[in-house]
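Each remark here refers to the structure printed beneath this line.
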Amino acid sequence: GRLSPNVLAITRVSKTLAFSFVDSNIVFSDATVVFSHGRGRDFALLQSNVHAVFAWQHASRLKSDLRYSPTDALEPFAFPEGFSDARNAPLDDLGHRFHQARIEVMRADRIGLTKLYKRFHTDIEHDPRIEELRAFQHEMDVAVVHAYGWHDLDLEHGFHEVPYLPESDRVRFSISEAARVEVLRRLSELNRQRYQEE
């Protein structure tokens with residue numbers, strides 16, 4: 001089996017919203033948000049565009065960066081029903097593979113997450129390894145949407161202008177604006193239903 005470092009972490013303030021598996025034995029600075037989730041599927045869900053559009057909508061900002069706080073971005077985020085069930089096991093593998101592919105590019109090119117994501121979101125970047133990461137992102141997003149049971153939702157991945165970033169730096173490899181609005185609507189509806197059930 002694969003040794004899981006056990007926890008996911010993210011930089012509190014960033015433009016990239018990039019989660020990473022980290023060793024739970026290290027001491028974290030207050031510039032890091034650490035999660036008790038440590039499965040591949042947790043990474044896949046949190047690194048998906050479904051979670052990203054929610055986080056950008058609900059978290060606060062520092063200049064044009066996202067300030068990720070679990071209270072704003074994670075606690076009100078509705079996980080798919082039965083997310084721990086065996087039927088979502090393929091997401092574990094997908095999450096780990098995407099995370100590993102990202103590490104390999106960073107190691108080979110001696111770059112960090114910020115530079116990696118700058119390339120990831122640049123439409124003239126055609127490095128096959130970066131294109132593979134985009135394909136992973138697409139596959140992961142679709143798998144996450146299916147975990148919610150939203151089989152009818154067309155995410156329309158591509159290079160889109162996103163409304164939440166400054167005009168000079170707005171193009172991202174992401175889901176379409178129509179898909180973004182629909183994802184937010186469905187998550188909000190899920191929250192409403194679950195709140196009523198409580």
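Identifiers in the structure tokens: chain A, B, ... in order shown; residue index from 1 per chain; ligand index from 1 in order shown.
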Practice problem: Would you list the contacts of Arg134 of chain A as a ChimeraX atom specification, taking every protein, DNA or RNA residue within 12 Å and counting only C-alpha atoms, but skipping same-chain residues closer than 5 positions in sequence? | Solution: /A:48-49,98,101-102,116-117,119-123,125-129,139-141,157-159,172-175
Output file for the selection above: N, CA and C atoms, as a PDB file, in the first residue's frame:
```
ATOM      1  N   SER A  48     -10.629  19.998  -6.732  1.00  0.00           N
ATOM      2  CA  SER A  48     -11.518  20.081  -7.900  1.00  0.00           C
ATOM      3  C   SER A  48     -12.027  21.504  -8.089  1.00  0.00           C
ATOM      4  N   ASN A  49     -12.500  21.779  -9.297  1.00  0.00           N
ATOM      5  CA  ASN A  49     -13.086  23.091  -9.566  1.00  0.00           C
ATOM      6  C   ASN A  49     -14.416  23.278  -8.847  1.00  0.00           C
ATOM      7  N   PHE A  98      -2.759  12.465  -9.579  1.00  0.00           N
ATOM      8  CA  PHE A  98      -2.639  13.884  -9.932  1.00  0.00           C
ATOM      9  C   PHE A  98      -1.577  14.556  -9.048  1.00  0.00           C
ATOM     10  N   ALA A 101       1.882  13.395 -10.143  1.00  0.00           N
ATOM     11  CA  ALA A 101       2.282  13.965 -11.435  1.00  0.00           C
ATOM     12  C   ALA A 101       2.731  15.419 -11.244  1.00  0.00           C
ATOM     13  N   ARG A 102       2.059  16.121 -10.369  1.00  0.00           N
ATOM     14  CA  ARG A 102       2.401  17.520 -10.070  1.00  0.00           C
ATOM     15  C   ARG A 102       3.793  17.592  -9.436  1.00  0.00           C
ATOM     16  N   LEU A 116       4.309  26.381 -11.143  1.00  0.00           N
ATOM     17  CA  LEU A 116       3.644  25.269 -11.832  1.00  0.00           C
ATOM     18  C   LEU A 116       2.248  25.702 -12.300  1.00  0.00           C
ATOM     19  N   TYR A 117       1.501  26.344 -11.410  1.00  0.00           N
ATOM     20  CA  TYR A 117       0.136  26.735 -11.763  1.00  0.00           C
ATOM     21  C   TYR A 117       0.086  27.894 -12.757  1.00  0.00           C
ATOM     22  N   ARG A 119       2.051  28.063 -15.270  1.00  0.00           N
ATOM     23  CA  ARG A 119       2.159  27.339 -16.539  1.00  0.00           C
ATOM     24  C   ARG A 119       0.865  26.589 -16.849  1.00  0.00           C
ATOM     25  N   PHE A 120       0.293  25.985 -15.842  1.00  0.00           N
ATOM     26  CA  PHE A 120      -0.951  25.220 -15.970  1.00  0.00           C
ATOM     27  C   PHE A 120      -2.069  26.085 -16.575  1.00  0.00           C
ATOM     28  N   HIS A 121      -2.099  27.363 -16.162  1.00  0.00           N
ATOM     29  CA  HIS A 121      -3.172  28.269 -16.591  1.00  0.00           C
ATOM     30  C   HIS A 121      -2.813  29.120 -17.812  1.00  0.00           C
ATOM     31  N   THR A 122      -1.639  28.875 -18.421  1.00  0.00           N
ATOM     32  CA  THR A 122      -1.241  29.647 -19.602  1.00  0.00           C
ATOM     33  C   THR A 122      -1.598  28.873 -20.863  1.00  0.00           C
ATOM     34  N   ASP A 123      -2.452  29.471 -21.691  1.00  0.00           N
ATOM     35  CA  ASP A 123      -2.967  28.713 -22.844  1.00  0.00           C
ATOM     36  C   ASP A 123      -1.932  28.426 -23.929  1.00  0.00           C
ATOM     37  N   GLU A 125       1.014  27.322 -23.217  1.00  0.00           N
ATOM     38  CA  GLU A 125       1.903  26.302 -22.635  1.00  0.00           C
ATOM     39  C   GLU A 125       1.440  24.921 -23.111  1.00  0.00           C
ATOM     40  N   HIS A 126       2.286  24.275 -23.938  1.00  0.00           N
ATOM     41  CA  HIS A 126       1.891  22.973 -24.486  1.00  0.00           C
ATOM     42  C   HIS A 126       2.823  21.836 -24.075  1.00  0.00           C
ATOM     43  N   ASP A 127       3.587  22.038 -23.008  1.00  0.00           N
ATOM     44  CA  ASP A 127       4.428  20.961 -22.479  1.00  0.00           C
ATOM     45  C   ASP A 127       3.504  19.754 -22.212  1.00  0.00           C
ATOM     46  N   PRO A 128       3.846  18.573 -22.764  1.00  0.00           N
ATOM     47  CA  PRO A 128       2.975  17.406 -22.590  1.00  0.00           C
ATOM     48  C   PRO A 128       2.676  17.068 -21.128  1.00  0.00           C
ATOM     49  N   ARG A 129       3.633  17.359 -20.243  1.00  0.00           N
ATOM     50  CA  ARG A 129       3.408  17.055 -18.822  1.00  0.00           C
ATOM     51  C   ARG A 129       2.361  17.993 -18.221  1.00  0.00           C
ATOM     52  N   GLU A 139     -10.435  15.103 -15.579  1.00  0.00           N
ATOM     53  CA  GLU A 139     -10.941  13.787 -15.153  1.00  0.00           C
ATOM     54  C   GLU A 139     -11.406  13.823 -13.697  1.00  0.00           C
ATOM     55  N   MET A 140     -10.642  14.518 -12.866  1.00  0.00           N
ATOM     56  CA  MET A 140     -10.950  14.627 -11.445  1.00  0.00           C
ATOM     57  C   MET A 140     -12.248  15.414 -11.233  1.00  0.00           C
ATOM     58  N   ASP A 141     -12.385  16.527 -11.958  1.00  0.00           N
ATOM     59  CA  ASP A 141     -13.594  17.347 -11.842  1.00  0.00           C
ATOM     60  C   ASP A 141     -14.841  16.560 -12.239  1.00  0.00           C
ATOM     61  N   HIS A 157     -14.675  22.382 -19.786  1.00  0.00           N
ATOM     62  CA  HIS A 157     -13.303  22.783 -19.449  1.00  0.00           C
ATOM     63  C   HIS A 157     -12.629  23.512 -20.606  1.00  0.00           C
ATOM     64  N   GLY A 158     -11.829  24.479 -20.271  1.00  0.00           N
ATOM     65  CA  GLY A 158     -11.060  25.209 -21.264  1.00  0.00           C
ATOM     66  C   GLY A 158     -10.416  26.416 -20.605  1.00  0.00           C
ATOM     67  N   PHE A 159      -9.891  27.308 -21.423  1.00  0.00           N
ATOM     68  CA  PHE A 159      -9.298  28.533 -20.879  1.00  0.00           C
ATOM     69  C   PHE A 159     -10.394  29.592 -20.845  1.00  0.00           C
ATOM     70  N   ARG A 172      -8.000  31.335 -16.787  1.00  0.00           N
ATOM     71  CA  ARG A 172      -7.632  30.127 -16.053  1.00  0.00           C
ATOM     72  C   ARG A 172      -8.093  28.901 -16.826  1.00  0.00           C
ATOM     73  N   PHE A 173      -7.342  27.803 -16.684  1.00  0.00           N
ATOM     74  CA  PHE A 173      -7.845  26.535 -17.205  1.00  0.00           C
ATOM     75  C   PHE A 173      -8.867  26.071 -16.180  1.00  0.00           C
ATOM     76  N   SER A 174     -10.132  26.151 -16.544  1.00  0.00           N
ATOM     77  CA  SER A 174     -11.172  25.933 -15.561  1.00  0.00           C
ATOM     78  C   SER A 174     -12.462  25.486 -16.237  1.00  0.00           C
ATOM     79  N   ILE A 175     -13.527  25.470 -15.460  1.00  0.00           N
ATOM     80  CA  ILE A 175     -14.844  25.165 -16.016  1.00  0.00           C
ATOM     81  C   ILE A 175     -15.459  26.471 -16.514  1.00  0.00           C
TER      82      ILE A 175
END
```
Distance table requested - segment 50-138 of chain A against segment 4-19 of chain A, cut-off 9 Å, only C-alpha atoms: one row per qualifying residue with the closest atom pair and its distance in Å to one decimal, ordered by chain and rising residue number, as CSV.
```
residue,atom,partner,partner_atom,distance
A:Ala52,CA,A:Leu17,CA,7.2
A:Ala55,CA,A:Leu17,CA,8.7
A:Arg61,CA,A:Val13,CA,8.2
A:Leu62,CA,A:Val13,CA,7.2
A:Ser64,CA,A:Lys15,CA,7.6
A:Asp65,CA,A:Lys15,CA,4.9
A:Leu66,CA,A:Ser14,CA,5.4
A:Arg67,CA,A:Val13,CA,4.5
A:Tyr68,CA,A:Arg12,CA,5.1
A:Ser69,CA,A:Arg12,CA,7.0
A:His99,CA,A:Phe19,CA,8.9
A:Leu113,CA,A:Ala18,CA,7.3
A:Thr114,CA,A:Thr16,CA,6.7
A:Tyr117,CA,A:Thr16,CA,6.6
A:Lys118,CA,A:Thr16,CA,8.5
```
Selection from above, all heavy atoms, as a short mmCIF file (atom, residue, chain, number, x, y, z; two decimals), in the first residue's frame, can you write it?
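Dumped everything to result39.cif:
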```cif
data_model
loop_
_atom_site.label_atom_id
_atom_site.label_comp_id
_atom_site.auth_asym_id
_atom_site.auth_seq_id
_atom_site.Cartn_x
_atom_site.Cartn_y
_atom_site.Cartn_z
N ALA A 52 -13.16 24.73 -5.74
CA ALA A 52 -12.51 26.01 -6.03
C ALA A 52 -13.53 27.13 -6.24
O ALA A 52 -13.39 28.21 -5.67
CB ALA A 52 -11.60 25.88 -7.25
N ALA A 55 -14.97 28.04 -2.88
CA ALA A 55 -14.02 28.76 -2.03
C ALA A 55 -13.86 30.21 -2.47
O ALA A 55 -13.89 31.13 -1.65
CB ALA A 55 -12.66 28.04 -2.04
N ARG A 61 -10.82 37.93 0.88
CA ARG A 61 -9.68 38.22 -0.01
C ARG A 61 -8.62 39.01 0.74
O ARG A 61 -8.92 39.74 1.68
CB ARG A 61 -10.13 39.08 -1.21
CG ARG A 61 -11.26 38.52 -2.01
CD ARG A 61 -10.78 37.33 -2.86
NE ARG A 61 -11.91 36.54 -3.31
CZ ARG A 61 -12.63 36.81 -4.37
NH1 ARG A 61 -12.35 37.85 -5.12
NH2 ARG A 61 -13.64 36.05 -4.71
N LEU A 62 -7.42 38.88 0.24
CA LEU A 62 -6.34 39.76 0.67
C LEU A 62 -5.78 40.30 -0.64
O LEU A 62 -5.19 39.56 -1.42
CB LEU A 62 -5.27 38.98 1.44
CG LEU A 62 -4.21 39.84 2.11
CD1 LEU A 62 -4.83 40.69 3.22
CD2 LEU A 62 -3.11 38.99 2.69
N SER A 64 -5.88 40.68 -4.24
CA SER A 64 -6.66 39.85 -5.18
C SER A 64 -6.48 38.36 -4.89
O SER A 64 -6.91 37.51 -5.65
CB SER A 64 -6.23 40.16 -6.62
OG SER A 64 -4.87 39.81 -6.77
N ASP A 65 -5.82 38.04 -3.78
CA ASP A 65 -5.60 36.64 -3.42
C ASP A 65 -6.75 36.11 -2.56
O ASP A 65 -7.44 36.88 -1.90
CB ASP A 65 -4.28 36.47 -2.66
CG ASP A 65 -3.07 36.71 -3.55
OD1 ASP A 65 -3.26 36.90 -4.77
OD2 ASP A 65 -1.94 36.72 -3.03
N LEU A 66 -6.88 34.81 -2.58
CA LEU A 66 -7.89 34.16 -1.76
C LEU A 66 -7.31 33.93 -0.37
O LEU A 66 -6.18 33.48 -0.24
CB LEU A 66 -8.26 32.82 -2.38
CG LEU A 66 -9.27 31.98 -1.60
CD1 LEU A 66 -10.67 32.24 -2.15
CD2 LEU A 66 -8.95 30.51 -1.76
N ARG A 67 -8.08 34.27 0.66
CA ARG A 67 -7.66 33.97 2.03
C ARG A 67 -8.49 32.79 2.50
O ARG A 67 -9.66 32.95 2.82
CB ARG A 67 -7.89 35.20 2.91
CG ARG A 67 -7.23 35.07 4.25
CD ARG A 67 -7.32 36.34 5.08
NE ARG A 67 -6.68 36.10 6.37
CZ ARG A 67 -7.25 35.41 7.35
NH1 ARG A 67 -8.45 34.90 7.20
NH2 ARG A 67 -6.61 35.22 8.50
N TYR A 68 -7.88 31.60 2.47
CA TYR A 68 -8.64 30.38 2.74
C TYR A 68 -8.81 30.18 4.23
O TYR A 68 -7.84 30.05 4.97
CB TYR A 68 -7.91 29.17 2.15
CG TYR A 68 -8.78 27.93 2.08
CD1 TYR A 68 -9.41 27.57 0.90
CD2 TYR A 68 -8.98 27.13 3.20
CE1 TYR A 68 -10.22 26.44 0.83
CE2 TYR A 68 -9.79 26.01 3.15
CZ TYR A 68 -10.40 25.67 1.96
OH TYR A 68 -11.21 24.55 1.91
N SER A 69 -10.06 30.19 4.68
CA SER A 69 -10.30 29.86 6.08
C SER A 69 -11.32 28.74 6.13
O SER A 69 -12.33 28.79 5.43
CB SER A 69 -10.79 31.09 6.86
OG SER A 69 -12.16 30.99 7.11
N HIS A 99 -1.64 14.29 -7.75
CA HIS A 99 -0.69 14.87 -6.80
C HIS A 99 0.74 14.46 -7.15
O HIS A 99 1.66 15.29 -7.15
CB HIS A 99 -1.04 14.41 -5.38
CG HIS A 99 -0.31 15.15 -4.31
ND1 HIS A 99 0.87 14.69 -3.76
CD2 HIS A 99 -0.57 16.32 -3.69
CE1 HIS A 99 1.29 15.55 -2.85
NE2 HIS A 99 0.45 16.55 -2.78
N LEU A 113 4.80 25.35 -6.47
CA LEU A 113 3.40 25.30 -6.90
C LEU A 113 2.97 26.54 -7.67
O LEU A 113 2.23 26.46 -8.64
CB LEU A 113 2.48 25.11 -5.69
CG LEU A 113 2.33 23.68 -5.18
CD1 LEU A 113 1.65 23.67 -3.82
CD2 LEU A 113 1.55 22.81 -6.17
N THR A 114 3.44 27.72 -7.24
CA THR A 114 3.02 28.96 -7.89
C THR A 114 3.45 28.98 -9.35
O THR A 114 2.63 29.24 -10.23
CB THR A 114 3.60 30.19 -7.14
OG1 THR A 114 3.20 30.08 -5.76
CG2 THR A 114 3.06 31.48 -7.70
N TYR A 117 1.50 26.34 -11.41
CA TYR A 117 0.14 26.74 -11.76
C TYR A 117 0.09 27.89 -12.76
O TYR A 117 -0.86 28.03 -13.51
CB TYR A 117 -0.71 26.99 -10.51
CG TYR A 117 -1.35 25.69 -10.06
CD1 TYR A 117 -0.81 24.96 -9.00
CD2 TYR A 117 -2.45 25.16 -10.73
CE1 TYR A 117 -1.37 23.74 -8.62
CE2 TYR A 117 -3.01 23.95 -10.36
CZ TYR A 117 -2.47 23.24 -9.30
OH TYR A 117 -3.03 22.03 -8.94
N LYS A 118 1.13 28.69 -12.76
CA LYS A 118 1.21 29.76 -13.77
C LYS A 118 1.27 29.12 -15.16
O LYS A 118 0.59 29.54 -16.09
CB LYS A 118 2.43 30.63 -13.50
CG LYS A 118 2.37 31.99 -14.20
CD LYS A 118 3.46 32.90 -13.68
CE LYS A 118 3.48 34.23 -14.41
NZ LYS A 118 2.26 35.01 -14.25
#
```
Quiz item: Quick one: residues within 10 Å of segment 181-186 of chain A, only C-alpha atoms counted, chain neighbours fewer than 5 positions away excluded, as a PyMOL selection string?
Solution: chain A and resi 49-51+53-54+57+78+145+148+150+153-155+175-176+191-192
Keeping N, CA, C and O atoms for every residue in the selection just given, could you write it to a file as a short mmCIF file (atom, residue, chain, number, x, y, z; two decimals), in the first residue's frame?
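Everything below was put into part04.cif:
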```
data_model
loop_
_atom_site.label_atom_id
_atom_site.label_comp_id
_atom_site.auth_asym_id
_atom_site.auth_seq_id
_atom_site.Cartn_x
_atom_site.Cartn_y
_atom_site.Cartn_z
N ASN A 49 -12.50 21.78 -9.30
CA ASN A 49 -13.09 23.09 -9.57
C ASN A 49 -14.42 23.28 -8.85
O ASN A 49 -14.85 24.40 -8.65
N VAL A 50 -15.05 22.19 -8.44
CA VAL A 50 -16.29 22.29 -7.67
C VAL A 50 -15.99 23.00 -6.34
O VAL A 50 -16.68 23.95 -5.95
N HIS A 51 -14.92 22.57 -5.67
CA HIS A 51 -14.55 23.23 -4.41
C HIS A 51 -13.95 24.61 -4.67
O HIS A 51 -14.20 25.55 -3.92
N VAL A 53 -14.57 26.87 -7.04
CA VAL A 53 -15.54 27.95 -7.29
C VAL A 53 -16.27 28.32 -6.01
O VAL A 53 -16.59 29.49 -5.77
N PHE A 54 -16.50 27.32 -5.15
CA PHE A 54 -17.15 27.58 -3.87
C PHE A 54 -16.25 28.43 -2.96
O PHE A 54 -16.69 29.41 -2.36
N GLN A 57 -15.98 31.98 -4.00
CA GLN A 57 -17.23 32.67 -3.75
C GLN A 57 -17.40 33.04 -2.28
O GLN A 57 -17.95 34.08 -1.95
N ALA A 78 -20.68 21.54 1.05
CA ALA A 78 -21.36 20.25 1.15
C ALA A 78 -20.58 19.17 0.41
O ALA A 78 -20.44 19.22 -0.81
N VAL A 145 -18.00 15.58 -9.85
CA VAL A 145 -19.37 15.93 -10.22
C VAL A 145 -20.26 14.68 -10.21
O VAL A 145 -21.39 14.70 -9.74
N TYR A 148 -21.38 13.60 -6.84
CA TYR A 148 -22.57 14.34 -6.38
C TYR A 148 -23.85 13.84 -7.08
O TYR A 148 -24.94 14.26 -6.73
N TRP A 150 -24.39 14.44 -10.27
CA TRP A 150 -24.75 15.45 -11.27
C TRP A 150 -24.28 15.02 -12.66
O TRP A 150 -23.44 15.66 -13.28
N LEU A 153 -24.42 17.49 -15.82
CA LEU A 153 -23.73 18.78 -15.82
C LEU A 153 -22.52 18.79 -16.75
O LEU A 153 -21.59 18.01 -16.58
N ASP A 154 -22.52 19.67 -17.74
CA ASP A 154 -21.40 19.81 -18.66
C ASP A 154 -20.47 20.90 -18.13
O ASP A 154 -20.86 22.06 -18.04
N LEU A 155 -19.27 20.52 -17.77
CA LEU A 155 -18.34 21.47 -17.15
C LEU A 155 -17.63 22.38 -18.16
O LEU A 155 -17.12 23.43 -17.80
N ILE A 175 -13.53 25.47 -15.46
CA ILE A 175 -14.84 25.16 -16.02
C ILE A 175 -15.46 26.47 -16.51
O ILE A 175 -15.02 27.55 -16.12
N SER A 176 -16.45 26.37 -17.38
CA SER A 176 -17.03 27.58 -17.97
C SER A 176 -17.78 28.41 -16.93
O SER A 176 -18.13 27.91 -15.85
N ASN A 191 -26.93 22.53 0.47
CA ASN A 191 -26.82 23.10 1.82
C ASN A 191 -28.18 23.35 2.42
O ASN A 191 -28.43 23.06 3.58
N ARG A 192 -29.07 23.91 1.60
CA ARG A 192 -30.42 24.23 2.07
C ARG A 192 -31.15 22.96 2.48
O ARG A 192 -31.73 22.89 3.56
#
```
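Distances from A:Phe28, A:Arg110, A:Lys63, A:Ala147 to Arg87 of chain A were compared using only C-alpha atoms, and the smallest one belongs to A:Ala147.
Interatomic distance, atom CA of Gly82 of chain A against atom CA of Gln100 of chain A: 25.9 Å.
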Quiz item: Could you pull out the strand (DSSP E) residues of chain A from DSSP and send them as a PyMOL selection string?
Solution: chain A and resi 6-11+13-14+20-23+32-35+60-62+65-67+158-161+171-174
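The gap separating atom CA of Gly95 of chain A from atom CA of Leu46 of chain A is 9.8 Å, in Å to one decimal.
Nearest to Leu94 of chain A of all the residues A:Leu133, A:Ala44, A:Ile111, A:Val142 is A:Ala44, counting only C-alpha atoms.
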Quiz item: Hey, what does DSSP flag as alpha helix (DSSP H) within segment 153-195 of chain A? Can you give it to me as a PyMOL selection string?
Solution: chain A and resi 177-195
Quiz prompt | Counting only C-alpha atoms, the option among A:Val171, A:Ala143, A:Leu74, A:Ala89 closest to Val34 of chain A | solution = A:Leu74
